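Visitor: The structure follows.
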Amino acid sequence: MIKIKPFKALRPEPDKILAVNSPPYDIVSRNQAAEIIKKNPDSFLKVLKPEAVIPCGQNLSNQKLAEKAAENLEELIEGKKMFFESKPCFYIYQQKYGIEQRTGIVACLSIKDYLNGSIKKHENIRTKIWQERVENIIVTRTHTGCILMVYEDNSVIENIVQKSMIKDKCLYDFVSDDGITNLCWKIDHDDVIISLEKAFREVNNIYIADGHHRTAAAAEAARLEQENNRNEELEDEYLYFPAVLIPKQQIRIMGYHRLIKNLVNFSPDSFLENLNLSFKVEKLSNNQPFLPAQKNTFGMNLSGNWYKLIIKEGIIPKKISKIDQLDVSILQNLVLNPLLDIKDPQNSDKIEFIGGKDSLVQLIEKISLGANIAFTLNPTSIDEVIEVSDNNEIMPPKSTWFEPKLRSGIFVHRF
């Protein structure tokens with residue numbers, strides 16, 4: 001049973017949506033964020049990534065950065081760029097990209113559901129990022145970004161959403177700087193709100209797709225808040241965090257590729273000899289970039305040449321865990337760890353991860369600049385994500401890249 005809760009969103013004035021909406025904090029660097037804010041001083045990146053407005057060379061503590069984020073958020077509110085909804089609502093958030101689209105419900109979820117395992121995860125988190133997010137939430141008293149969540153397709157929920165989109169006026173309709181069309185509606189009718197709450201009570205589990213650090217940070221901030229306010233009601237607003245809930249069939253996962261800095265002690269020829277023990281290695285005559293479209297197949301660029309790698313029969317045992325069946329695990333266990341000495345990919349400086357719709361362009365550029373080796377992977381499927389989550393297992397780092405990214409600064413939750 002999943003509890004969803006309407007909330008009084010802090011959101012942009014309709015004529016400020018283009019100025020305020022921003023990419024999420026984790027896909028732009030400090031310098032990239034600074035450039036965006038320089039062109040657009042009202043960008044919500046000022047709140048998500050306050051270091052971008054701090055002079056270069058000046059590094060502040062998490063506490064000071066969070067205080068700067070809180071200051072920047074107040075500027076947006078006092079400058080009438082953003083306002084608080086007058087009553088608790090649900091929202092609908094649709095993104096269109098090419099011929100595809102996905103439509104989700106914006107709602108607050110319960111920290112209790114996360115702690116009891118009804119909200120399931122599939123990734124570990126990095127302590128440094130988590131600590132930054134915890135501090136940001138506590139000081140700003142705000143959940144600044146929505147988590148992307150997945151639920152099993154549900155016709156009752158989908159019918160409610162479709163009827164609301166037809167009946168209610170669109171709040172926002174804009175194209176963001178990533179070329180995605182974003183549309184939003186408000187659900188403020190009490191009977192519809194009750195119907196949605198009831199429908200989600202019939203949902204057993206939902207799954208974190210994108211936003212593990214923010215979810216874990218929300219839980220820790222709630223714990224600290226509750227520790228400091230032991231006499232407050234258990235249903236306080238800080239025990240909830242905002243999410244966009246998308247049905248499974250509409251989720252799109254892209255490949256998350258690997259770029260390796262060097263071949264360690266191998267020459268290109270000796271490395272190929274070792275690969276031949278586990279893979280059928282085919283050098284591509286057209287030397288065009290290869291993106292695999294099926295499991296157990298990989299693309300590789302070695303010293304400027306493109307190859308197709310297929311795992312040989314019998315190399316993968318028939319009875320292994322779901323985790324070890326993943327292509328990211330197979331690459332790690334057969335190549336990265338034993339051959340290239342990358343034992344802890346999340347913390348290794350020997351590897352770079354590249355995902356997203358422009359990942360191939362980025363790979364080719366880095367290869368042209370002298371990168372020795374790159375691997376392209378078939379995307380992990382949403383069914384694999386759900387199965388791993390249901391088994392309470394954790395995927396290897398950088399197993400999934402969800403696209404498009406949710407825009408930030410549209411629906412903000414304050415407590």
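The chains in the structure tokens are called A, B, ... from first to last as shown; in each chain the residues are counted from 1, and the ligands are counted from 1 in the order shown.
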Please provide as a tab-separated table (two decimals) with C-alpha atoms, in the first residue's frame all residues within 12 Å of segment 178-184 of chain A, with the sequence filter that same-chain residues fewer than 4 positions apart are discarded (counting only C-alpha atoms).
Guide:
chain	number	residue	atom	x	y	z
A	11	ARG	CA	6.07	26.87	-8.18
A	12	PRO	CA	6.92	29.49	-10.81
A	14	PRO	CA	3.26	31.14	-15.33
A	17	ILE	CA	8.43	29.24	-15.96
A	18	LEU	CA	10.98	29.54	-18.78
A	21	ASN	CA	12.96	25.88	-14.59
A	22	SER	CA	16.39	24.26	-14.74
A	23	PRO	CA	18.19	20.97	-15.28
A	24	PRO	CA	18.66	18.83	-12.14
A	27	ILE	CA	23.86	16.60	-14.63
A	90	PHE	CA	-1.70	16.84	-7.02
A	91	TYR	CA	-0.24	17.74	-10.41
A	92	ILE	CA	0.29	16.05	-13.75
A	93	TYR	CA	3.65	16.43	-15.48
A	94	GLN	CA	4.05	15.34	-19.11
A	95	GLN	CA	7.23	15.37	-21.18
A	96	LYS	CA	7.25	14.95	-24.97
A	97	TYR	CA	10.35	14.03	-26.96
A	98	GLY	CA	10.08	13.22	-30.63
A	99	ILE	CA	7.22	10.77	-31.10
A	100	GLU	CA	7.47	9.58	-27.48
A	101	GLN	CA	5.98	10.97	-24.31
A	102	ARG	CA	5.57	10.11	-20.65
A	103	THR	CA	2.99	11.37	-18.18
A	104	GLY	CA	3.36	11.25	-14.40
A	105	ILE	CA	1.57	12.29	-11.23
A	106	VAL	CA	3.34	14.80	-8.98
A	161	VAL	CA	-4.96	11.15	-15.20
A	164	SER	CA	-7.96	15.36	-15.58
A	165	MET	CA	-5.83	16.37	-18.57
A	168	ASP	CA	-8.51	20.93	-16.57
A	169	LYS	CA	-6.57	23.85	-18.01
A	170	CYS	CA	-2.85	23.38	-18.66
A	171	LEU	CA	-0.68	25.26	-16.12
A	172	TYR	CA	2.57	25.26	-18.10
A	173	ASP	CA	3.48	24.46	-21.69
A	174	PHE	CA	7.11	25.16	-22.55
A	244	VAL	CA	6.83	12.23	-10.17
A	356	GLY	CA	22.33	10.24	-22.16
A	357	LYS	CA	21.17	10.99	-25.67
A	358	ASP	CA	24.46	12.71	-26.55
A	403	GLU	CA	15.95	10.14	-20.08
A	404	PRO	CA	14.55	12.71	-20.32
A	405	LYS	CA	15.51	14.21	-16.98
A	406	LEU	CA	12.82	15.86	-14.89
A	407	ARG	CA	13.14	19.62	-14.87
A	408	SER	CA	13.74	21.24	-11.49
A	410	ILE	CA	8.61	23.47	-11.28
A	411	PHE	CA	7.13	21.77	-8.22
Visitor: Skip segment 128-139 of chain A itself and residues of its chain fewer than 3 positions away, then list as a PyMOL selection string all residues within 8 Å of it, counting only C-alpha atoms.
Guide: chain A and resi 62-63+65-67+69-70+125+142-144+213-214+216-218+220-221+225
Visitor: List the spatial neighbours of Lys312 of chain A as a list in words - criterion: any atom at most 12 Å away, only C-alpha atoms, same-chain residues fewer than 3 positions off excluded.
Guide: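 With the cut-off at 12 Å, the set is Leu275, Asn276, Leu277, Ser278, Phe279, Lys280, Val281, Asn296, Thr297, Leu309, Ile315, Ile316, Pro317 and Leu334 of chain A.
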Visitor: So which one's closest to Asn391 of chain A, A:Gln346, A:Leu331, A:Pro247, A:Ile323? Using only C-alpha atoms, please.
Guide: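 Result for the nearest residue to Asn391 of chain A: A:Ile323.
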Visitor: Using the chain letters and numbers from this document, which residues of segment 230-391 of chain A does DSSP assign to strand (DSSP E), as a PDB file with N, CA and C atoms, in the first residue's frame?
Guide:
ATOM      1  N   TYR A 240       7.400  13.870   4.394  1.00  0.00           N
ATOM      2  CA  TYR A 240       6.999  13.609   3.011  1.00  0.00           C
ATOM      3  C   TYR A 240       7.969  14.301   2.066  1.00  0.00           C
ATOM      4  N   PHE A 241       8.087  13.746   0.876  1.00  0.00           N
ATOM      5  CA  PHE A 241       8.972  14.331  -0.134  1.00  0.00           C
ATOM      6  C   PHE A 241       8.310  14.203  -1.498  1.00  0.00           C
ATOM      7  N   PRO A 242       8.610  15.101  -2.443  1.00  0.00           N
ATOM      8  CA  PRO A 242       7.893  15.119  -3.728  1.00  0.00           C
ATOM      9  C   PRO A 242       8.486  14.167  -4.756  1.00  0.00           C
ATOM     10  N   ALA A 243       7.614  13.629  -5.580  1.00  0.00           N
ATOM     11  CA  ALA A 243       8.044  12.692  -6.625  1.00  0.00           C
ATOM     12  C   ALA A 243       7.136  12.822  -7.834  1.00  0.00           C
ATOM     13  N   VAL A 244       7.641  12.391  -8.966  1.00  0.00           N
ATOM     14  CA  VAL A 244       6.832  12.230 -10.174  1.00  0.00           C
ATOM     15  C   VAL A 244       6.711  10.735 -10.421  1.00  0.00           C
ATOM     16  N   LEU A 245       5.479  10.230 -10.392  1.00  0.00           N
ATOM     17  CA  LEU A 245       5.225   8.794 -10.513  1.00  0.00           C
ATOM     18  C   LEU A 245       4.804   8.461 -11.940  1.00  0.00           C
ATOM     19  N   ILE A 246       5.609   7.633 -12.599  1.00  0.00           N
ATOM     20  CA  ILE A 246       5.420   7.296 -14.014  1.00  0.00           C
ATOM     21  C   ILE A 246       5.086   5.816 -14.151  1.00  0.00           C
ATOM     22  N   PRO A 247       4.086   5.461 -14.971  1.00  0.00           N
ATOM     23  CA  PRO A 247       3.828   4.033 -15.210  1.00  0.00           C
ATOM     24  C   PRO A 247       4.983   3.372 -15.961  1.00  0.00           C
ATOM     25  N   ILE A 253      15.017   3.958 -20.626  1.00  0.00           N
ATOM     26  CA  ILE A 253      16.374   3.862 -20.077  1.00  0.00           C
ATOM     27  C   ILE A 253      17.356   3.824 -21.243  1.00  0.00           C
ATOM     28  N   MET A 254      18.441   4.570 -21.104  1.00  0.00           N
ATOM     29  CA  MET A 254      19.458   4.609 -22.150  1.00  0.00           C
ATOM     30  C   MET A 254      20.730   3.934 -21.653  1.00  0.00           C
ATOM     31  N   TYR A 256      24.492   3.269 -20.511  1.00  0.00           N
ATOM     32  CA  TYR A 256      25.451   4.033 -19.695  1.00  0.00           C
ATOM     33  C   TYR A 256      26.830   3.464 -20.005  1.00  0.00           C
ATOM     34  N   HIS A 257      27.620   4.210 -20.748  1.00  0.00           N
ATOM     35  CA  HIS A 257      28.837   3.685 -21.343  1.00  0.00           C
ATOM     36  C   HIS A 257      30.066   3.957 -20.471  1.00  0.00           C
ATOM     37  N   ARG A 258      31.149   3.239 -20.774  1.00  0.00           N
ATOM     38  CA  ARG A 258      32.380   3.312 -19.993  1.00  0.00           C
ATOM     39  C   ARG A 258      33.549   3.788 -20.858  1.00  0.00           C
ATOM     40  N   LEU A 259      34.301   4.734 -20.329  1.00  0.00           N
ATOM     41  CA  LEU A 259      35.506   5.224 -20.993  1.00  0.00           C
ATOM     42  C   LEU A 259      36.679   4.929 -20.058  1.00  0.00           C
ATOM     43  N   ILE A 260      37.680   4.239 -20.555  1.00  0.00           N
ATOM     44  CA  ILE A 260      38.809   3.801 -19.730  1.00  0.00           C
ATOM     45  C   ILE A 260      40.053   4.589 -20.128  1.00  0.00           C
ATOM     46  N   PHE A 279      35.014 -13.607 -25.312  1.00  0.00           N
ATOM     47  CA  PHE A 279      34.137 -12.963 -26.286  1.00  0.00           C
ATOM     48  C   PHE A 279      34.496 -13.365 -27.718  1.00  0.00           C
ATOM     49  N   LYS A 280      33.473 -13.373 -28.563  1.00  0.00           N
ATOM     50  CA  LYS A 280      33.719 -13.359 -29.999  1.00  0.00           C
ATOM     51  C   LYS A 280      33.979 -11.901 -30.363  1.00  0.00           C
ATOM     52  N   VAL A 281      35.152 -11.615 -30.861  1.00  0.00           N
ATOM     53  CA  VAL A 281      35.564 -10.237 -31.136  1.00  0.00           C
ATOM     54  C   VAL A 281      35.550 -10.010 -32.641  1.00  0.00           C
ATOM     55  N   GLU A 282      34.709  -9.080 -33.081  1.00  0.00           N
ATOM     56  CA  GLU A 282      34.588  -8.784 -34.510  1.00  0.00           C
ATOM     57  C   GLU A 282      34.986  -7.340 -34.767  1.00  0.00           C
ATOM     58  N   LYS A 283      36.047  -7.146 -35.535  1.00  0.00           N
ATOM     59  CA  LYS A 283      36.440  -5.793 -35.923  1.00  0.00           C
ATOM     60  C   LYS A 283      35.504  -5.321 -37.019  1.00  0.00           C
ATOM     61  N   THR A 297      25.942  -8.346 -25.515  1.00  0.00           N
ATOM     62  CA  THR A 297      26.671  -7.788 -26.653  1.00  0.00           C
ATOM     63  C   THR A 297      27.183  -6.403 -26.273  1.00  0.00           C
ATOM     64  N   PHE A 298      28.409  -6.100 -26.685  1.00  0.00           N
ATOM     65  CA  PHE A 298      29.032  -4.837 -26.312  1.00  0.00           C
ATOM     66  C   PHE A 298      29.703  -4.221 -27.527  1.00  0.00           C
ATOM     67  N   GLY A 299      29.791  -2.900 -27.534  1.00  0.00           N
ATOM     68  CA  GLY A 299      30.619  -2.206 -28.503  1.00  0.00           C
ATOM     69  C   GLY A 299      31.928  -1.829 -27.825  1.00  0.00           C
ATOM     70  N   MET A 300      32.980  -1.743 -28.594  1.00  0.00           N
ATOM     71  CA  MET A 300      34.276  -1.342 -28.031  1.00  0.00           C
ATOM     72  C   MET A 300      35.050  -0.527 -29.048  1.00  0.00           C
ATOM     73  N   ASN A 301      35.623   0.559 -28.597  1.00  0.00           N
ATOM     74  CA  ASN A 301      36.590   1.281 -29.420  1.00  0.00           C
ATOM     75  C   ASN A 301      37.947   1.122 -28.763  1.00  0.00           C
ATOM     76  N   LEU A 302      38.854   0.535 -29.506  1.00  0.00           N
ATOM     77  CA  LEU A 302      40.209   0.299 -29.017  1.00  0.00           C
ATOM     78  C   LEU A 302      41.192   0.964 -29.959  1.00  0.00           C
ATOM     79  N   ASN A 305      39.716   1.996 -33.282  1.00  0.00           N
ATOM     80  CA  ASN A 305      39.009   0.999 -34.077  1.00  0.00           C
ATOM     81  C   ASN A 305      37.788   0.477 -33.324  1.00  0.00           C
ATOM     82  N   TRP A 306      36.663   0.313 -34.052  1.00  0.00           N
ATOM     83  CA  TRP A 306      35.433  -0.157 -33.424  1.00  0.00           C
ATOM     84  C   TRP A 306      35.279  -1.671 -33.586  1.00  0.00           C
ATOM     85  N   TYR A 307      34.830  -2.313 -32.490  1.00  0.00           N
ATOM     86  CA  TYR A 307      34.639  -3.757 -32.446  1.00  0.00           C
ATOM     87  C   TYR A 307      33.261  -4.077 -31.880  1.00  0.00           C
ATOM     88  N   LYS A 308      32.766  -5.260 -32.241  1.00  0.00           N
ATOM     89  CA  LYS A 308      31.562  -5.821 -31.651  1.00  0.00           C
ATOM     90  C   LYS A 308      31.976  -7.041 -30.828  1.00  0.00           C
ATOM     91  N   LEU A 309      31.557  -7.076 -29.559  1.00  0.00           N
ATOM     92  CA  LEU A 309      31.909  -8.170 -28.661  1.00  0.00           C
ATOM     93  C   LEU A 309      30.650  -8.950 -28.289  1.00  0.00           C
ATOM     94  N   ILE A 310      30.675 -10.259 -28.457  1.00  0.00           N
ATOM     95  CA  ILE A 310      29.563 -11.127 -28.059  1.00  0.00           C
ATOM     96  C   ILE A 310      30.109 -12.198 -27.124  1.00  0.00           C
ATOM     97  N   ILE A 311      29.477 -12.381 -25.997  1.00  0.00           N
ATOM     98  CA  ILE A 311      29.947 -13.369 -25.028  1.00  0.00           C
ATOM     99  C   ILE A 311      29.841 -14.774 -25.620  1.00  0.00           C
ATOM    100  N   ILE A 351      38.270   5.299 -14.683  1.00  0.00           N
ATOM    101  CA  ILE A 351      37.086   5.098 -15.510  1.00  0.00           C
ATOM    102  C   ILE A 351      36.197   6.330 -15.474  1.00  0.00           C
ATOM    103  N   GLU A 352      35.540   6.578 -16.598  1.00  0.00           N
ATOM    104  CA  GLU A 352      34.566   7.673 -16.699  1.00  0.00           C
ATOM    105  C   GLU A 352      33.271   7.082 -17.266  1.00  0.00           C
ATOM    106  N   PHE A 353      32.141   7.534 -16.725  1.00  0.00           N
ATOM    107  CA  PHE A 353      30.836   7.037 -17.163  1.00  0.00           C
ATOM    108  C   PHE A 353      30.149   8.106 -17.997  1.00  0.00           C
ATOM    109  N   ILE A 354      29.598   7.704 -19.126  1.00  0.00           N
ATOM    110  CA  ILE A 354      28.969   8.660 -20.030  1.00  0.00           C
ATOM    111  C   ILE A 354      27.598   8.113 -20.446  1.00  0.00           C
ATOM    112  N   GLY A 355      26.551   8.870 -20.132  1.00  0.00           N
ATOM    113  CA  GLY A 355      25.196   8.446 -20.472  1.00  0.00           C
ATOM    114  C   GLY A 355      24.416   9.561 -21.134  1.00  0.00           C
ATOM    115  N   ILE A 373      40.398   3.410 -24.758  1.00  0.00           N
ATOM    116  CA  ILE A 373      39.389   2.372 -24.867  1.00  0.00           C
ATOM    117  C   ILE A 373      38.049   2.845 -24.328  1.00  0.00           C
ATOM    118  N   ALA A 374      36.981   2.463 -25.032  1.00  0.00           N
ATOM    119  CA  ALA A 374      35.621   2.783 -24.596  1.00  0.00           C
ATOM    120  C   ALA A 374      34.740   1.566 -24.837  1.00  0.00           C
ATOM    121  N   PHE A 375      33.760   1.380 -23.967  1.00  0.00           N
ATOM    122  CA  PHE A 375      32.781   0.305 -24.127  1.00  0.00           C
ATOM    123  C   PHE A 375      31.385   0.908 -24.186  1.00  0.00           C
ATOM    124  N   THR A 376      30.582   0.456 -25.155  1.00  0.00           N
ATOM    125  CA  THR A 376      29.173   0.857 -25.223  1.00  0.00           C
ATOM    126  C   THR A 376      28.317  -0.326 -24.793  1.00  0.00           C
ATOM    127  N   LEU A 377      27.231  -0.023 -24.064  1.00  0.00           N
ATOM    128  CA  LEU A 377      26.405  -1.076 -23.479  1.00  0.00           C
ATOM    129  C   LEU A 377      24.958  -0.957 -23.911  1.00  0.00           C
TER     130      LEU A 377
END
Visitor: Rounded to one decimal in Å, what is the spacing between atom CA of Pro50 of chain A and atom CA of Asn72 of chain A?
Guide: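 Here the two named atoms are 7.9 Å from each other.
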Visitor: Select, from A:Glu387, A:Glu237, A:Asp42, A:Glu393, the residue with the minimum atom-to-atom distance to Ser110 of chain A, counting only C-alpha atoms.
Guide: A:Glu237
Visitor: One decimal, Å: what's the distance from atom CA of Val388 of chain A over to atom CA of Lys5 of chain A, could you say?
Guide: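 Between atom CA of Val388 of chain A and atom CA of Lys5 of chain A the gap is 27.1 Å.
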Visitor: Which residues in segment 352-383 of chain A does DSSP call alpha helix (DSSP H)? List them as an NGL selection string.
Guide: :A and (359-368 or 382-383)
Visitor: Output C-alpha atoms for every residue in the selection just made, as a JSON list (two decimals), in the first residue's frame.
Guide:
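Full text of result_8.json as output:
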[["chain", "number", "residue", "atom", "x", "y", "z"],
["A", 359, "SER", "CA", 26.67, 10.02, -25.01],
["A", 360, "LEU", "CA", 27.94, 8.68, -28.32],
["A", 361, "VAL", "CA", 28.96, 12.16, -29.45],
["A", 362, "GLN", "CA", 30.84, 12.63, -26.18],
["A", 363, "LEU", "CA", 32.55, 9.25, -26.52],
["A", 364, "ILE", "CA", 33.68, 9.96, -30.06],
["A", 365, "GLU", "CA", 35.04, 13.35, -29.01],
["A", 366, "LYS", "CA", 37.05, 11.83, -26.16],
["A", 367, "ILE", "CA", 38.31, 9.06, -28.42],
["A", 368, "SER", "CA", 39.48, 11.70, -30.91],
["A", 382, "ILE", "CA", 13.06, -1.42, -16.49],
["A", 383, "ASP", "CA", 12.04, -5.04, -15.81]]
Visitor: For atom CA of Lys343 of chain A and atom CA of Thr127 of chain A, determine how far apart the two atoms are, in Å to one decimal place.
Guide: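 According to the coordinates, atom CA of Lys343 of chain A and atom CA of Thr127 of chain A are separated by 18.9 Å.
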Visitor: Which residues are close to Val156 of chain A, i.e. within 10 Å by only C-alpha atoms, leaving aside same-chain residues fewer than 4 positions away? Reply as a VMD selection string.
Guide: chain A and resid 160 to 161 195 to 196 199 to 200
Visitor: I'd like the contact shell of Glu35 of chain A - 12 Å cut-off, only C-alpha atoms, skipping same-chain residues fewer than 4 positions apart - returned as a tab-separated table (two decimals) with N, CA and C atoms, in the first residue's frame.
Guide:
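around-v1.tsv, freshly written:
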chain	number	residue	atom	x	y	z
A	28	VAL	N	24.81	18.83	-14.33
A	28	VAL	CA	25.59	20.00	-14.76
A	28	VAL	C	26.73	20.22	-13.77
A	29	SER	N	27.86	20.65	-14.28
A	29	SER	CA	29.00	20.96	-13.42
A	29	SER	C	28.82	22.35	-12.82
A	30	ARG	N	29.68	22.69	-11.90
A	30	ARG	CA	29.66	24.03	-11.30
A	30	ARG	C	29.82	25.09	-12.38
A	31	ASN	N	30.76	24.89	-13.30
A	31	ASN	CA	31.00	25.88	-14.35
A	31	ASN	C	29.83	25.99	-15.31
A	39	LYS	N	23.49	33.78	-17.81
A	39	LYS	CA	22.56	34.15	-18.87
A	39	LYS	C	21.15	34.36	-18.33
A	40	ASN	N	20.83	33.64	-17.24
A	40	ASN	CA	19.48	33.67	-16.70
A	40	ASN	C	19.54	33.73	-15.17
A	41	PRO	N	19.57	34.92	-14.60
A	41	PRO	CA	19.73	35.07	-13.15
A	41	PRO	C	18.61	34.47	-12.31
A	43	SER	N	17.38	31.41	-12.78
A	43	SER	CA	17.41	29.95	-12.87
A	43	SER	C	17.40	29.31	-11.49
A	45	LEU	N	18.81	26.81	-10.63
A	45	LEU	CA	20.13	26.28	-10.32
A	45	LEU	C	20.80	27.07	-9.20
A	46	LYS	N	20.39	28.30	-8.99
A	46	LYS	CA	20.94	29.09	-7.87
A	46	LYS	C	20.64	28.42	-6.54
A	52	ALA	N	27.67	27.60	-7.68
A	52	ALA	CA	27.83	28.22	-9.00
A	52	ALA	C	27.83	29.74	-8.93
A	53	VAL	N	27.28	30.32	-7.86
A	53	VAL	CA	27.28	31.78	-7.73
A	53	VAL	C	28.33	32.26	-6.74
Visitor: Show which residues sit within 6 Å of Pro6 of chain A, as a PyMOL selection string. Count only C-alpha atoms, and ignore same-chain residues fewer than 6 positions away.
Guide: chain A and resi 88-90+107
Visitor: Next, dump the selected residues to file, keeping only C-alpha atoms, as a PDB file, in the first residue's frame.
Guide:
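Once written, selection04.pdb looks like this:
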ATOM      1  CA  PRO A  88      -2.844  21.051  -1.320  1.00  0.00           C
ATOM      2  CA  CYS A  89      -2.983  19.617  -4.847  1.00  0.00           C
ATOM      3  CA  PHE A  90      -1.698  16.839  -7.025  1.00  0.00           C
ATOM      4  CA  ALA A 107       2.649  13.984  -5.342  1.00  0.00           C
TER       5      ALA A 107
END
Visitor: So that I can see what lies close to Ile77 of chain A, please list as number ranges by chain the residues with an atom at most 12 Å from it, counting only C-alpha atoms and leaving out residues fewer than 2 positions away in the same chain.
Guide: A: 10-13, 16, 20, 42, 44, 47, 70-75, 79-84, 409, 412
Visitor: Generate the output file for the selected residues, C-alpha atoms, as a compact mmCIF listing (two decimals), in the first residue's frame.
Guide:
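Result file result35.txt:
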# COMPACT_ATOMS: atom_id res chain seq x y z
CA LEU A 10 6.02 26.32 -4.42
CA ARG A 11 6.07 26.87 -8.18
CA PRO A 12 6.92 29.49 -10.81
CA GLU A 13 4.53 32.19 -11.88
CA LYS A 16 8.39 32.97 -15.24
CA VAL A 20 13.01 29.51 -13.39
CA ASP A 42 16.36 33.54 -12.15
CA PHE A 44 16.54 27.53 -10.08
CA VAL A 47 19.13 27.00 -5.27
CA ALA A 70 18.15 29.32 1.19
CA GLU A 71 18.99 32.96 0.50
CA ASN A 72 18.67 32.45 -3.25
CA LEU A 73 15.33 30.67 -2.81
CA GLU A 74 13.96 33.58 -0.78
CA GLU A 75 15.04 35.95 -3.56
CA GLY A 79 10.95 38.74 -6.32
CA LYS A 80 7.59 37.17 -7.23
CA LYS A 81 9.21 34.64 -9.52
CA MET A 82 7.64 31.80 -7.51
CA PHE A 83 4.55 31.47 -5.32
CA PHE A 84 2.87 28.99 -2.97
CA GLY A 409 12.10 24.31 -10.00
CA VAL A 412 8.98 22.45 -4.97
Visitor: Find the nearest atom pair between each residue of segment 156-226 of chain A and segment 111-124 of chain A for residues within 7 Å, count only C-alpha atoms, give distances in Å to one decimal, sort rows by chain and ascending number, and present the table as a Markdown table.
Guide:
| residue | atom | partner | partner_atom | distance |
| --- | --- | --- | --- | --- |
| A:Asn204 | CA | A:Ser118 | CA | 6.7 |
| A:Asn205 | CA | A:Ser118 | CA | 4.9 |
| A:Ile206 | CA | A:Ile119 | CA | 5.1 |
| A:Tyr207 | CA | A:Lys120 | CA | 4.8 |
| A:Ile208 | CA | A:Lys121 | CA | 5.4 |
| A:His212 | CA | A:Glu123 | CA | 6.8 |
| A:Ala219 | CA | A:Ile111 | CA | 5.8 |
Visitor: Which residue is closest to Arg141 of chain A? Choose from A:Cys108, A:Leu224, A:Ile157, A:Leu291 and count only C-alpha atoms.
Guide: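 Of all the options, A:Leu224 lies closest to Arg141 of chain A.
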Visitor: Rank A:Ile2, A:Leu263, A:Met395, A:Ala209 by their smallest atom-to-atom distance to Ser329 of chain A, using only C-alpha atoms, and report the top residue only.
Guide: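 Among the listed residues, the smallest separation from Ser329 of chain A belongs to A:Met395.
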